[in-house]
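Colleague: Here you go, input24.txt (compact mmCIF, C-alpha atoms (C1' of nucleotides)):
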# COMPACT_ATOMS: atom_id res chain seq x y z
CA MET L 1 -10.49 -16.78 10.61
CA THR L 2 -7.93 -14.42 9.22
CA ASP L 3 -9.36 -14.80 5.76
CA ASN L 4 -12.38 -15.54 3.68
CA ASP L 5 -15.72 -14.42 4.90
CA GLN L 6 -18.16 -14.00 2.11
CA THR L 7 -20.32 -11.61 4.08
CA PRO L 8 -20.77 -8.69 1.69
CA LEU L 9 -19.66 -5.24 2.78
CA ASP L 10 -22.30 -2.71 3.71
CA GLY L 11 -22.11 0.98 2.90
CA VAL L 12 -20.16 1.86 6.01
CA ASP L 13 -17.59 -0.85 5.43
CA ARG L 14 -17.10 0.32 1.88
CA ALA L 15 -16.60 3.89 3.03
CA LEU L 16 -14.04 2.80 5.59
CA VAL L 17 -12.19 0.63 3.10
CA ASP L 18 -12.16 3.40 0.52
CA ALA L 19 -10.78 5.91 2.98
CA LEU L 20 -8.09 3.53 4.18
CA ARG L 21 -7.12 2.64 0.62
CA LYS L 22 -6.51 6.29 -0.13
CA ASP L 23 -4.76 6.91 3.16
CA GLY L 24 -3.80 3.93 5.25
CA ARG L 25 -3.20 6.21 8.19
CA THR L 26 -6.61 7.77 8.33
CA THR L 27 -7.39 8.13 12.02
CA LEU L 28 -10.37 6.59 13.73
CA ALA L 29 -11.65 10.09 14.42
CA VAL L 30 -11.74 10.90 10.71
CA LEU L 31 -13.22 7.52 9.86
CA SER L 32 -15.84 8.26 12.47
CA GLU L 33 -16.79 11.51 10.75
CA ILE L 34 -16.86 9.87 7.35
CA SER L 35 -19.09 7.03 8.46
CA GLY L 36 -21.20 8.82 11.00
CA LEU L 37 -20.54 6.07 13.51
CA SER L 38 -18.89 6.53 16.87
CA LEU L 39 -15.17 6.15 17.16
CA SER L 40 -15.49 2.88 19.04
CA ALA L 41 -17.85 1.40 16.49
CA VAL L 42 -15.47 2.34 13.71
CA GLN L 43 -12.62 0.68 15.50
CA VAL L 44 -14.59 -2.54 15.79
CA ARG L 45 -15.49 -2.36 12.10
CA VAL L 46 -11.91 -1.88 11.03
CA ARG L 47 -10.74 -4.70 13.27
CA LYS L 48 -13.29 -6.98 11.68
CA LEU L 49 -12.32 -5.94 8.18
CA GLU L 50 -8.74 -6.85 9.05
CA ALA L 51 -9.72 -10.12 10.71
CA ARG L 52 -11.92 -11.11 7.76
CA GLY L 53 -9.08 -10.50 5.37
CA VAL L 54 -10.79 -7.64 3.56
CA ILE L 55 -7.95 -5.40 4.63
CA THR L 56 -4.81 -7.50 4.40
CA GLY L 57 -2.29 -4.95 5.57
CA TYR L 58 -0.94 -1.44 5.50
CA ARG L 59 1.96 -0.38 3.33
CA ALA L 60 4.02 2.67 2.67
CA VAL L 61 4.04 3.41 -1.05
CA VAL L 62 7.57 3.95 -2.25
CA ASN L 63 9.02 5.66 -5.29
CA ALA L 64 10.68 2.77 -7.13
CA GLU L 65 13.37 4.98 -8.63
CA ALA L 66 14.23 6.45 -5.26
CA VAL L 67 14.90 3.00 -3.84
CA GLY L 68 17.09 1.98 -6.73
CA LEU L 69 14.65 -0.09 -8.80
CA PRO L 70 13.93 2.14 -11.79
CA LEU L 71 13.44 -0.62 -14.33
CA ALA L 72 10.10 -2.43 -14.37
CA ALA L 73 9.18 -5.27 -16.69
CA PHE L 74 6.37 -7.71 -17.33
CA ILE L 75 7.63 -11.21 -17.95
CA GLU L 76 5.38 -13.86 -19.46
CA ILE L 77 6.62 -17.35 -18.76
CA THR L 78 5.75 -20.79 -20.07
CA PRO L 79 7.06 -24.10 -18.72
CA LEU L 80 9.43 -25.77 -21.16
CA ASP L 81 8.54 -29.25 -20.06
CA GLN L 82 4.83 -29.86 -20.31
CA ALA L 83 5.04 -32.96 -18.19
CA GLN L 84 6.71 -31.12 -15.37
CA GLU L 85 4.41 -30.08 -12.62
CA ASP L 86 3.28 -26.48 -12.66
CA ASP L 87 5.09 -25.30 -9.61
CA ALA L 88 6.62 -22.22 -11.21
CA PRO L 89 4.83 -19.79 -8.88
CA GLU L 90 6.08 -21.62 -5.82
CA ARG L 91 9.60 -21.74 -7.17
CA LEU L 92 9.59 -18.03 -7.95
CA ARG L 93 7.98 -16.84 -4.76
CA GLY L 94 10.36 -14.67 -2.78
CA MET L 95 12.86 -14.30 -5.60
CA PRO L 96 14.36 -10.79 -5.41
CA GLY L 97 12.96 -8.54 -8.11
CA ILE L 98 9.70 -10.40 -8.58
CA GLU L 99 6.79 -8.38 -7.30
CA SER L 100 3.75 -10.32 -8.49
CA CYS L 101 2.88 -13.62 -10.12
CA TYR L 102 -0.34 -14.46 -11.92
CA SER L 103 -1.56 -17.38 -13.97
CA VAL L 104 -3.16 -16.02 -17.11
CA ALA L 105 -5.37 -17.01 -20.01
CA GLY L 106 -3.30 -16.49 -23.12
CA ASN L 107 -0.22 -17.77 -24.88
CA ALA L 108 1.82 -17.80 -21.72
CA ASN L 109 0.97 -19.68 -18.56
CA TYR L 110 2.09 -17.09 -16.06
CA LEU L 111 2.78 -13.42 -15.94
CA LEU L 112 5.31 -11.83 -13.61
CA VAL L 113 5.65 -8.21 -12.63
CA THR L 114 9.26 -7.40 -11.89
CA ARG L 115 11.35 -4.45 -10.79
CA VAL L 116 15.12 -4.26 -10.95
CA ALA L 117 18.01 -1.83 -10.75
CA SER L 118 19.32 -2.01 -14.31
CA PRO L 119 19.19 -3.77 -17.68
CA ARG L 120 22.00 -5.92 -16.44
CA ALA L 121 19.99 -6.87 -13.35
CA LEU L 122 17.03 -7.69 -15.57
CA GLU L 123 19.21 -9.98 -17.64
CA GLU L 124 20.32 -11.76 -14.50
CA LEU L 125 16.77 -12.01 -13.22
CA LEU L 126 15.61 -13.55 -16.50
CA GLY L 127 18.35 -16.15 -16.27
CA ARG L 128 17.46 -16.97 -12.71
CA ILE L 129 13.80 -17.31 -13.61
CA ARG L 130 14.50 -19.63 -16.54
CA ARG L 131 16.78 -21.85 -14.53
CA THR L 132 14.66 -21.92 -11.40
CA ALA L 133 11.27 -22.52 -12.99
CA LYS L 134 12.43 -24.15 -16.22
CA VAL L 135 10.44 -21.81 -18.40
CA SER L 136 10.76 -19.79 -21.55
CA THR L 137 10.27 -16.04 -21.14
CA ARG L 138 8.82 -13.15 -23.08
CA THR L 139 9.65 -9.78 -21.63
CA THR L 140 7.89 -6.45 -21.97
CA VAL L 141 9.96 -3.60 -20.63
CA VAL L 142 8.24 -0.62 -19.05
CA LEU L 143 9.42 2.66 -20.53
CA GLN L 144 7.33 5.01 -18.46
CA THR L 145 4.86 4.75 -15.63
CA TYR L 146 1.95 7.13 -16.11
CA PHE L 147 0.09 6.05 -13.03
CA GLU L 148 0.12 3.05 -10.77
CA GLY L 149 -2.15 1.53 -8.15
CA GLN L 150 -4.92 3.98 -8.94
CA MET L 151 -8.13 3.16 -7.12
CA THR L 152 -11.34 4.10 -8.80
CA GLU L 153 -14.65 2.71 -7.69
CA PRO L 154 -17.11 1.35 -10.25
CA GLY L 155 -19.71 3.72 -8.98
CA MET T 1 10.49 19.93 -2.67
CA THR T 2 7.84 17.26 -2.41
CA ASP T 3 9.61 15.17 -4.98
CA ASN T 4 12.84 14.32 -6.68
CA ASP T 5 15.96 14.45 -4.64
CA GLN T 6 18.64 12.29 -6.07
CA THR T 7 20.43 11.98 -2.75
CA PRO T 8 20.93 8.24 -2.39
CA LEU T 9 19.52 6.50 0.66
CA ASP T 10 21.89 5.39 3.37
CA GLY T 11 21.54 2.18 5.34
CA VAL T 12 19.25 3.66 7.94
CA ASP T 13 16.92 5.15 5.36
CA ARG T 14 16.72 1.81 3.62
CA ALA T 15 15.88 0.08 6.86
CA LEU T 16 13.15 2.59 7.60
CA VAL T 17 11.70 2.33 4.11
CA ASP T 18 11.77 -1.45 4.23
CA ALA T 19 9.98 -1.54 7.56
CA LEU T 20 7.33 0.91 6.41
CA ARG T 21 6.80 -0.99 3.19
CA LYS T 22 6.06 -4.12 5.14
CA ASP T 23 3.94 -2.30 7.68
CA GLY T 24 2.95 1.26 6.92
CA ARG T 25 1.87 1.70 10.50
CA THR T 26 5.14 0.81 12.15
CA THR T 27 5.49 3.22 15.06
CA LEU T 28 8.42 5.55 15.50
CA ALA T 29 9.39 3.61 18.62
CA VAL T 30 9.74 0.40 16.60
CA LEU T 31 11.53 2.19 13.79
CA SER T 32 13.87 3.53 16.42
CA GLU T 33 14.70 0.02 17.62
CA ILE T 34 15.17 -1.24 14.09
CA SER T 35 17.50 1.56 13.07
CA GLY T 36 19.28 2.07 16.34
CA LEU T 37 18.62 5.80 16.11
CA SER T 38 16.75 7.86 18.65
CA LEU T 39 13.05 8.37 18.23
CA SER T 40 13.53 12.03 17.35
CA ALA T 41 16.11 11.25 14.71
CA VAL T 42 13.84 8.65 13.21
CA GLN T 43 10.99 11.10 13.07
CA VAL T 44 13.13 13.58 11.16
CA ARG T 45 14.28 10.84 8.79
CA VAL T 46 10.78 9.68 7.99
CA ARG T 47 9.59 13.25 7.45
CA LYS T 48 12.42 13.80 5.01
CA LEU T 49 11.71 10.57 3.17
CA GLU T 50 8.12 11.73 2.75
CA ALA T 51 9.11 15.26 1.75
CA ARG T 52 11.65 13.99 -0.76
CA GLY T 53 9.05 11.80 -2.37
CA VAL T 54 10.77 8.55 -1.49
CA ILE T 55 7.70 7.58 0.49
CA THR T 56 4.74 8.82 -1.52
CA GLY T 57 1.94 7.72 0.74
CA TYR T 58 0.40 5.06 2.91
CA ARG T 59 -2.28 2.65 1.78
CA ALA T 60 -4.38 -0.12 3.17
CA VAL T 61 -4.00 -3.24 1.05
CA VAL T 62 -7.36 -4.69 0.18
CA ASN T 63 -8.50 -8.11 -0.94
CA ALA T 64 -9.80 -7.42 -4.45
CA GLU T 65 -12.38 -10.19 -4.28
CA ALA T 66 -13.72 -8.95 -0.97
CA VAL T 67 -14.40 -5.53 -2.44
CA GLY T 68 -16.18 -6.93 -5.46
CA LEU T 69 -13.42 -6.76 -8.06
CA PRO T 70 -12.44 -10.40 -8.53
CA LEU T 71 -11.52 -10.17 -12.21
CA ALA T 72 -8.11 -8.73 -13.09
CA ALA T 73 -6.78 -8.27 -16.60
CA PHE T 74 -3.78 -6.84 -18.40
CA ILE T 75 -4.79 -4.83 -21.44
CA GLU T 76 -2.25 -3.88 -24.07
CA ILE T 77 -3.39 -0.96 -26.17
CA THR T 78 -2.19 0.61 -29.40
CA PRO T 79 -3.50 3.85 -30.90
CA LEU T 80 -5.48 3.24 -34.07
CA ASP T 81 -4.58 6.53 -35.64
CA GLN T 82 -0.84 6.97 -35.82
CA ALA T 83 -1.16 10.66 -36.49
CA GLN T 84 -3.25 11.20 -33.41
CA GLU T 85 -1.35 12.52 -30.47
CA ASP T 86 -0.40 10.00 -27.84
CA ASP T 87 -2.61 11.18 -25.07
CA ALA T 88 -4.08 7.78 -24.24
CA PRO T 89 -2.71 7.76 -20.68
CA GLU T 90 -4.24 11.15 -19.95
CA ARG T 91 -7.57 10.11 -21.40
CA LEU T 92 -7.61 6.91 -19.37
CA ARG T 93 -6.46 8.37 -16.09
CA GLY T 94 -9.16 8.07 -13.48
CA MET T 95 -11.32 5.71 -15.50
CA PRO T 96 -13.01 3.26 -13.10
CA GLY T 97 -11.41 -0.15 -13.26
CA ILE T 98 -8.02 1.01 -14.50
CA GLU T 99 -5.39 0.61 -11.85
CA SER T 100 -2.14 1.32 -13.67
CA CYS T 101 -0.92 2.59 -17.02
CA TYR T 102 2.55 2.10 -18.48
CA SER T 103 4.13 2.81 -21.81
CA VAL T 104 6.03 -0.27 -22.90
CA ALA T 105 8.62 -1.48 -25.36
CA GLY T 106 6.92 -4.13 -27.45
CA ASN T 107 4.15 -4.59 -29.94
CA ALA T 108 1.74 -2.46 -27.99
CA ASN T 109 2.29 1.13 -26.98
CA TYR T 110 0.75 0.97 -23.54
CA LEU T 111 -0.11 -1.62 -20.96
CA LEU T 112 -2.98 -1.25 -18.53
CA VAL T 113 -3.62 -3.18 -15.35
CA THR T 114 -7.33 -3.41 -14.70
CA ARG T 115 -9.68 -4.87 -12.13
CA VAL T 116 -13.42 -5.30 -12.55
CA ALA T 117 -16.43 -7.05 -11.07
CA SER T 118 -17.26 -9.48 -13.87
CA PRO T 119 -16.64 -10.55 -17.46
CA ARG T 120 -19.50 -8.26 -18.42
CA ALA T 121 -17.81 -5.36 -16.67
CA LEU T 122 -14.57 -6.17 -18.46
CA GLU T 123 -16.37 -6.08 -21.77
CA GLU T 124 -17.77 -2.67 -20.92
CA LEU T 125 -14.40 -1.43 -19.77
CA LEU T 126 -12.77 -2.55 -23.01
CA GLY T 127 -15.39 -0.67 -25.00
CA ARG T 128 -14.89 2.44 -22.94
CA ILE T 129 -11.12 2.23 -23.38
CA ARG T 130 -11.36 1.80 -27.15
CA ARG T 131 -13.77 4.69 -27.55
CA THR T 132 -12.04 7.02 -25.14
CA ALA T 133 -8.46 6.52 -26.24
CA LYS T 134 -9.14 5.36 -29.82
CA VAL T 135 -7.01 2.28 -29.50
CA SER T 136 -7.04 -1.37 -30.33
CA THR T 137 -6.79 -3.73 -27.39
CA ARG T 138 -5.24 -7.09 -26.56
CA THR T 139 -6.42 -8.52 -23.29
CA THR T 140 -4.79 -11.05 -21.00
CA VAL T 141 -7.16 -12.27 -18.31
CA VAL T 142 -5.79 -13.21 -14.92
CA LEU T 143 -6.93 -16.64 -13.81
CA GLN T 144 -5.24 -16.75 -10.44
CA THR T 145 -3.11 -14.48 -8.34
CA TYR T 146 -0.29 -16.38 -6.66
CA PHE T 147 1.23 -13.34 -5.01
CA GLU T 148 1.09 -9.64 -5.51
CA GLY T 149 3.09 -6.62 -4.45
CA GLN T 150 5.80 -8.78 -2.95
CA MET T 151 8.78 -6.77 -1.82
CA THR T 152 12.12 -8.47 -2.00
CA GLU T 153 15.32 -6.54 -1.80
CA PRO T 154 18.10 -7.23 -4.29
CA GLY T 155 20.41 -7.91 -1.36
C1' DT F 1 -23.88 -3.47 16.98
C1' DG F 2 -23.80 0.49 19.04
C1' DT F 3 -22.19 4.64 22.55
C1' DG F 4 -19.37 7.20 25.79
C1' DA F 5 -15.58 8.06 28.84
C1' DA F 6 -11.24 6.98 31.02
C1' DA F 7 -6.52 4.98 30.46
C1' DA F 8 -2.49 3.94 27.68
C1' DA F 9 0.32 4.67 23.80
C1' DT F 10 1.93 7.56 20.11
C1' DC F 11 3.06 11.65 17.86
C1' DT F 12 4.74 16.47 17.70
C1' DG F 13 7.32 20.29 18.93
C1' DT F 14 10.74 22.57 21.58
C1' DA F 15 14.95 23.11 24.07
C1' DA F 16 19.60 21.96 25.65
C1' DT F 17 23.73 19.24 24.71
C1' DA V 1 22.15 13.19 16.54
C1' DT V 2 20.70 12.52 21.33
C1' DT V 3 18.11 13.18 25.42
C1' DA V 4 14.34 15.13 27.92
C1' DC V 5 10.01 17.08 28.61
C1' DA V 6 5.24 18.80 27.72
C1' DG V 7 0.93 19.07 25.11
C1' DA V 8 -2.00 17.27 21.62
C1' DT V 9 -3.67 13.42 19.19
C1' DT V 10 -4.70 8.65 18.63
C1' DT V 11 -5.52 4.11 20.08
C1' DT V 12 -7.12 1.02 23.35
C1' DT V 13 -9.97 -0.74 26.84
C1' DC V 14 -13.94 -1.06 29.65
C1' DA V 15 -18.74 -0.49 31.23
C1' DC V 16 -23.19 -0.40 29.44
C1' DA V 17 -27.64 0.18 26.45
Is it possible to give me this structure as structure tokens?

Modeller:
Amino acid sequence: MTDNDQTPLDGVDRALVDALRKDGRTTLAVLSEISGLSLSAVQVRVRKLEARGVITGYRAVVNAEAVGLPLAAFIEITPLDQAQEDDAPERLRGMPGIESCYSVAGNANYLLVTRVASPRALEELLGRIRRTAKVSTRTTVVLQTYFEGQMTEPG
Amino acid sequence: MTDNDQTPLDGVDRALVDALRKDGRTTLAVLSEISGLSLSAVQVRVRKLEARGVITGYRAVVNAEAVGLPLAAFIEITPLDQAQEDDAPERLRGMPGIESCYSVAGNANYLLVTRVASPRALEELLGRIRRTAKVSTRTTVVLQTYFEGQMTEPG
DNA sequence: TGTGAAAAATCTGTAAT
DNA sequence: ATTACAGATTTTTCACA
């Protein structure tokens, strides 16, 4: 029961989730004020949100440049051999430099979000991807990041 | 001094950052064990990493479907009027549904990562983007997310 | 679910080495 | 940097409506 529970979130849950998305270290006391519930009740709510898989974890957000990965790129990939099973995502999972993997509706089959140290490292990553997943690649290099991971609610 | 300090990270800093990326709530006691440093020293280190802008914040990671935003899409945009100043990122900042904005090297000028509630909401978002930033759009819809925000170190 | 209060753990700051 | 200590804060647990 660590995932999937279609029970929709009520107003309080949404408020808690929003607060924790902005600051993953928001204390129960603050969450209590925000929601109007008691501290204990808030704790139970948060525990349930975690158990239901609504909140999947807590992460420190890191400056990519500061940790030596200043070069980001989107890489669209398409299997070379149509007959071959589509296990590209599984093959690429865990490969250093690959942050995310999506299947997409478009010319390419998959889209990867990657982050590496240098153009040279990107070249190496591309080679590794092509060999490992037997795919062709189309790379879009990121020149500047204006904002990332912004969280705006649809009202 | 909340940002930008080109001092490279040493091994301990890297270990601390890695641990906090995996779990933003890792306690100082645990970080102390991991790094081998005393709790006090670890506290100072983490404070400095935050002050230097290496760690920019802490966030709860949320299941997009659970919070009512099951439809993700990458939207490439290109200003319609060449003469017009390139202020698209500024115009789009904070717009509900837009998560990230990059300038990219490729056919398009910018790439947006978006997340909305439905195809209808995506249609509305596209309209809002075109009107607000005066751009043409090329949308790639995400069909499935295999993994996201994975953090693998280049060894 | 919810509340409230006590117990345990964690964080923060200071001081001496 | 390390250890040690004290006070404040936070989290956890328990009893109960």

Colleague: Residues of chain V within 9 Å of chain T, using only C-alpha atoms (C1' of nucleotides), as a ChimeraX atom specification?

Modeller: /V:1-3

Colleague: Residues of chain T no more than 9 Å from chain F, counting only C-alpha atoms (C1' of nucleotides): send them over as a PyMOL selection string.

Modeller: chain T and resi 27-29

Colleague: Rounded to one decimal, what separation in Å do you get between atom C1' of DT13 of chain V and atom CA of Ala66 of chain T?

Modeller: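 Calculated distance between atom C1' of DT13 of chain V and atom CA of Ala66 of chain T is 29.2 Å.
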
Colleague: To one decimal place in Å, what is the distance between atom CA of Asp81 of chain L and atom CA of Gly106 of chain T?

Modeller: 26.2 Å

Colleague: Just give me the gap between atom CA of Tyr110 of chain T and atom CA of Gly94 of chain L in Å, one decimal is fine.

Modeller: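 Spanning atom CA of Tyr110 of chain T to atom CA of Gly94 of chain L is a straight-line distance of 27.7 Å.
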